[in-house]
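Engineer: Got a file for you: entry-v9.tsv, TSV, C-alpha atoms.
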```tsv
chain	number	residue	atom	x	y	z
A	1	MET	CA	19.69	14.76	29.68
A	2	GLY	CA	22.18	17.32	28.51
A	3	LYS	CA	21.20	20.14	26.23
A	4	THR	CA	22.47	20.04	22.68
A	5	GLU	CA	23.65	23.05	20.73
A	6	GLU	CA	20.39	22.94	18.75
A	7	ASP	CA	18.32	23.08	21.98
A	8	ILE	CA	20.27	26.15	23.10
A	9	ALA	CA	19.90	27.77	19.66
A	10	ASP	CA	16.14	27.08	19.66
A	11	LYS	CA	15.81	28.58	23.13
A	12	ASP	CA	17.71	31.69	22.00
A	13	LYS	CA	15.44	32.04	18.93
A	14	THR	CA	12.33	31.71	21.13
A	15	GLN	CA	13.61	34.32	23.56
A	16	LYS	CA	14.42	36.69	20.69
A	17	ALA	CA	10.96	36.13	19.22
A	18	ASN	CA	9.30	36.84	22.56
A	19	THR	CA	11.36	40.02	22.92
A	20	SER	CA	10.39	41.08	19.37
A	21	LYS	CA	6.76	40.29	20.10
A	22	MET	CA	6.76	42.42	23.25
A	23	LYS	CA	8.45	45.32	21.43
A	24	MET	CA	5.85	45.11	18.65
A	25	ILE	CA	2.97	45.14	21.13
A	26	LYS	CA	4.45	48.05	23.12
A	27	SER	CA	4.99	50.06	19.93
A	28	GLY	CA	1.29	49.71	19.08
A	29	ALA	CA	1.50	46.95	16.49
A	30	LYS	CA	-1.42	44.61	16.13
A	31	THR	CA	-1.39	41.56	18.37
A	32	SER	CA	-1.99	39.37	15.30
A	33	ASP	CA	1.28	40.63	13.73
A	34	ALA	CA	3.14	39.81	16.93
A	35	LEU	CA	1.62	36.34	16.96
A	36	LYS	CA	2.68	35.76	13.34
A	37	VAL	CA	6.29	36.43	14.34
A	38	SER	CA	5.97	34.06	17.28
A	39	ASN	CA	4.31	31.31	15.20
A	40	THR	CA	6.98	31.61	12.48
A	41	VAL	CA	9.71	31.04	15.05
A	42	LYS	CA	7.81	28.11	16.59
A	43	ALA	CA	7.40	26.53	13.14
A	44	SER	CA	11.11	26.87	12.40
A	45	ASN	CA	11.92	25.35	15.82
A	46	ILE	CA	9.67	22.38	15.06
A	47	SER	CA	11.21	22.01	11.62
A	48	ASN	CA	14.72	22.05	13.13
A	49	THR	CA	13.69	19.48	15.72
A	50	LEU	CA	12.25	17.23	13.01
A	51	LYS	CA	15.43	17.51	10.95
A	52	ALA	CA	17.60	16.85	13.97
A	53	SER	CA	15.73	13.74	15.01
A	54	ASN	CA	15.22	12.51	11.42
A	55	ILE	CA	11.46	12.32	11.96
A	56	SER	CA	10.72	14.30	8.82
A	57	ASN	CA	11.61	11.30	6.64
A	58	THR	CA	9.38	9.08	8.76
A	59	LEU	CA	6.47	11.50	8.40
A	60	LYS	CA	6.86	11.59	4.63
A	61	ALA	CA	6.72	7.81	4.45
A	62	SER	CA	4.02	7.37	7.10
A	63	ASN	CA	0.27	6.84	6.87
A	64	ILE	CA	-0.27	10.45	5.80
A	65	SER	CA	0.33	9.56	2.19
A	66	ASN	CA	-1.53	6.25	2.58
A	67	THR	CA	-4.54	8.13	3.93
A	68	LEU	CA	-4.57	10.38	0.88
A	69	LYS	CA	-4.17	7.41	-1.45
A	70	GLY	CA	-6.99	5.64	0.37
A	71	LYS	CA	-9.29	8.62	-0.09
A	72	VAL	CA	-8.58	8.70	-3.82
A	73	PHE	CA	-9.34	4.97	-4.11
A	74	GLU	CA	-12.53	5.41	-2.06
A	75	ASP	CA	-13.65	8.32	-4.25
A	76	ARG	CA	-13.20	6.14	-7.35
A	77	ALA	CA	-15.05	3.27	-5.65
A	78	VAL	CA	-17.96	5.55	-4.69
A	79	ALA	CA	-18.30	6.82	-8.27
A	80	PHE	CA	-18.14	3.22	-9.57
A	81	LEU	CA	-20.75	1.97	-7.08
A	82	GLU	CA	-23.13	4.88	-7.67
A	83	GLU	CA	-22.89	4.15	-11.38
A	84	LYS	CA	-23.94	0.56	-10.57
A	85	GLY	CA	-26.98	1.85	-8.64
A	86	TYR	CA	-25.70	1.68	-5.05
A	87	GLU	CA	-26.82	4.37	-2.60
A	88	ILE	CA	-23.88	5.39	-0.40
A	89	LEU	CA	-25.00	5.79	3.21
A	90	GLU	CA	-21.69	6.37	5.03
A	91	ARG	CA	-17.98	6.70	4.35
A	92	ASN	CA	-15.16	5.88	6.76
A	93	SER	CA	-17.48	5.03	9.60
A	94	HIS	CA	-15.77	4.22	12.91
A	95	PHE	CA	-16.65	2.06	15.90
A	96	HIS	CA	-13.97	2.21	18.59
A	97	HIS	CA	-10.76	1.25	16.76
A	98	LEU	CA	-12.58	-0.40	13.84
A	99	GLU	CA	-13.42	1.28	10.53
A	100	MET	CA	-15.57	0.43	7.53
A	101	ASP	CA	-14.72	2.16	4.25
A	102	LEU	CA	-18.26	2.33	2.87
A	103	VAL	CA	-21.79	1.47	3.90
A	104	ALA	CA	-24.23	1.39	1.01
A	105	ARG	CA	-27.62	0.12	-0.01
A	106	ASP	CA	-28.06	-2.05	-3.09
A	107	GLY	CA	-31.82	-2.39	-3.50
A	108	ASP	CA	-33.05	-3.78	-0.17
A	109	THR	CA	-29.63	-5.11	0.85
A	110	LEU	CA	-27.34	-3.27	3.24
A	111	CYS	CA	-23.75	-3.57	1.97
A	112	PHE	CA	-20.61	-3.21	4.03
A	113	ILE	CA	-17.83	-2.45	1.57
A	114	GLU	CA	-14.08	-2.63	1.99
A	115	VAL	CA	-12.03	-0.78	-0.63
A	116	LYS	CA	-8.56	-2.05	-1.49
A	117	GLY	CA	-6.30	-0.21	-3.90
A	118	ARG	CA	-3.05	-1.37	-5.45
A	119	LYS	CA	-0.59	-0.22	-8.06
A	120	GLU	CA	-1.35	-1.35	-11.59
A	121	HIS	CA	1.12	-4.22	-11.69
A	122	SER	CA	0.93	-5.25	-8.07
A	123	TYR	CA	2.01	-8.73	-7.05
A	124	LEU	CA	-1.30	-9.52	-5.31
A	125	SER	CA	-4.82	-8.27	-5.87
A	126	GLY	CA	-6.39	-6.12	-3.15
A	127	ILE	CA	-8.89	-8.87	-2.40
A	128	TYR	CA	-6.09	-10.89	-0.78
A	129	ALA	CA	-5.58	-8.13	1.79
A	130	VAL	CA	-8.96	-8.98	3.32
A	131	ASP	CA	-7.76	-11.98	5.31
A	132	ARG	CA	-9.59	-13.87	8.09
A	133	GLY	CA	-8.55	-11.39	10.77
A	134	LYS	CA	-9.79	-8.45	8.71
A	135	GLN	CA	-13.04	-10.31	7.96
A	136	ARG	CA	-13.57	-10.93	11.69
A	137	ARG	CA	-13.01	-7.22	12.49
A	138	LEU	CA	-15.40	-6.16	9.70
A	139	ARG	CA	-18.08	-8.55	11.03
A	140	THR	CA	-17.65	-7.10	14.51
A	141	TRP	CA	-17.97	-3.60	13.10
A	142	ALA	CA	-21.07	-4.55	11.08
A	143	THR	CA	-22.76	-6.06	14.14
A	144	ALA	CA	-22.13	-2.85	16.07
A	145	TYR	CA	-23.42	-0.77	13.15
A	146	LEU	CA	-26.64	-2.80	12.92
A	147	CYS	CA	-27.26	-2.50	16.67
A	148	LYS	CA	-26.43	1.22	16.77
A	149	HIS	CA	-28.82	2.02	13.90
A	150	GLY	CA	-31.68	-0.16	15.17
A	151	TYR	CA	-31.48	-2.86	12.50
A	152	SER	CA	-32.37	-6.44	13.35
A	153	LEU	CA	-29.35	-8.76	13.53
A	154	THR	CA	-31.36	-11.64	12.07
A	155	GLU	CA	-33.88	-9.96	9.77
A	156	THR	CA	-31.70	-7.40	7.97
A	157	ALA	CA	-30.46	-8.44	4.53
A	158	CYS	CA	-26.81	-7.52	4.42
A	159	ARG	CA	-23.59	-8.61	2.77
A	160	PHE	CA	-19.89	-7.85	2.63
A	161	ASP	CA	-18.48	-6.61	-0.66
A	162	VAL	CA	-14.92	-5.77	-1.62
A	163	VAL	CA	-13.96	-3.25	-4.26
A	164	SER	CA	-10.48	-3.96	-5.61
A	165	ILE	CA	-8.82	-1.18	-7.59
A	166	GLU	CA	-5.64	-1.91	-9.53
A	167	GLY	CA	-4.54	0.96	-11.73
A	168	GLU	CA	-7.54	1.72	-13.95
A	169	LYS	CA	-9.21	-1.65	-13.35
A	170	ILE	CA	-12.03	-1.70	-10.78
A	171	GLN	CA	-13.47	-5.03	-9.66
A	172	LEU	CA	-16.51	-5.49	-7.40
A	173	ILE	CA	-16.71	-8.75	-5.47
A	174	GLN	CA	-20.20	-9.15	-3.99
A	175	ASN	CA	-20.65	-11.50	-1.02
A	176	ALA	CA	-16.86	-11.62	-0.73
A	177	PHE	CA	-17.07	-13.46	2.60
```
Go through the file and emit its structure as structure tokens.

Structural biologist:
Amino acid sequence: MGKTEEDIADKDKTQKANTSKMKMIKSGAKTSDALKVSNTVKASNISNTLKASNISNTLKASNISNTLKGKVFEDRAVAFLEEKGYEILERNSHFHHLEMDLVARDGDTLCFIEVKGRKEHSYLSGIYAVDRGKQRRLRTWATAYLCKHGYSLTETACRFDVVSIEGEKIQLIQNAF
């Protein structure tokens, strides 16, 4: 692949930064100050690369913002469930590529809880996002969780709940599937 003008400019900036860093170190400056100069140049190179390849727009619209939204919804769900008397045992627990939003105890029952958040006037409720495929993955995750924590697969009282959050409205569906 041929080098673009931006690649050449970035290389020149890096070389200048390295030269500046060496001069700073030789003149007795702190190594940390020299590293700050180097890191600033690296950050600007990354920023230029992102702008050039139009990845910055993709990053803004990616799962980063969805992750933050999900955390806010989960925080609201935790407060709601604790108010109802649930004891939260785990949040965002992973097993291989599978994830469960919340694991809680409601009395003697172990609850595996999926949290779904939507805008206030969303077309469909969050409960509809828990389709058969998602239910199958959550069951697989729950089986692994029970085995990992030494619970009996046949004797442990457990259920799957869904917390649907739409704007200010929070709905708990016990035994959702």

Engineer: Just checking: using all atoms listed in the file, which residue out of A:Ala157, A:Val103, A:Ile165, A:Cys147 ends up closest to Phe80 in chain A?

Structural biologist: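 So, comparing all the options, the nearest one is A:Ile165.
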
Engineer: Rank nothing, just name the residue among A:Tyr128, A:Ile113, A:Thr156, A:Ala144 nearest to Gln174 in chain A, using all atoms listed in the file.

Structural biologist: A:Ile113

Engineer: Using only C-alpha atoms, which of A:Arg139, A:Arg76, A:His149, A:Lys69 sits nearest Leu89 in chain A?

Structural biologist: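 Nearest to Leu89 in chain A: A:His149.
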
Engineer: CA of Glu120 in chain A and CA of Lys169 in chain A, how far apart in Å?

Structural biologist: 8.1 Å

Engineer: Using only C-alpha atoms, which of A:Gly107, A:Gly133, A:Gly117, A:Gly85 sits nearest Val72 in chain A?

Structural biologist: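 Among A:Gly107, A:Gly133, A:Gly117, A:Gly85, it is A:Gly117 that comes nearest to Val72 in chain A.
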
Engineer: From the options A:Asp75, A:Asn175, A:Ala142, A:Val162, which residue's atoms come nearest to Ser93 in chain A, counting all atoms listed in the file?

Structural biologist: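 The answer is A:Ala142, which sits nearest to Ser93 in chain A.
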
Engineer: What's the 8 Å shell around Leu172 in chain A, counting all atoms listed in the file, without same-chain residues fewer than 5 positions away, as a list in words?

Structural biologist: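 Here the qualifying residues turn out to be Asp161, Val162, Val163 and Ser164 of chain A.
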
Engineer: To one decimal in Å, tell me the separation between CA of Tyr151 in chain A and CA of Glu114 in chain A.

Structural biologist: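 About the pair CA of Tyr151 in chain A and CA of Glu114 in chain A: they are 20.3 Å apart.
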
Engineer: Here's a test: counting only C-alpha atoms, identify every protein, DNA and RNA residue with an atom at most 6 Å from (-9.5, 3.3, -3.1) in the file's coordinate frame, and state them as a ChimeraX atom specification.

Structural biologist: /A:70,72-74,115-117

Engineer: Write out the residues from the selection above, keeping C-alpha atoms, as a tab-separated table (two decimals), in the coordinates of the input.

Structural biologist:
```tsv
chain	number	residue	atom	x	y	z
A	70	GLY	CA	-6.99	5.64	0.37
A	72	VAL	CA	-8.58	8.70	-3.82
A	73	PHE	CA	-9.34	4.97	-4.11
A	74	GLU	CA	-12.53	5.41	-2.06
A	115	VAL	CA	-12.03	-0.78	-0.63
A	116	LYS	CA	-8.56	-2.05	-1.49
A	117	GLY	CA	-6.30	-0.21	-3.90
```

Engineer: Quick one: 3 Å padding each side, axis-aligned, all listed atoms of range 158-173 of chain A - centre and edge lengths in Å to one decimal, as AutoDock Vina command-line options?

Structural biologist:
```
--center_x -15.7 --center_y -3.5 --center_z -4.8 --size_x 28.3 --size_y 16.5 --size_z 24.4
```

Engineer: Interatomic distance between CA of Arg118 in chain A and CA of Val78 in chain A?

Structural biologist: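 Calculated distance between CA of Arg118 in chain A and CA of Val78 in chain A is 16.5 Å.
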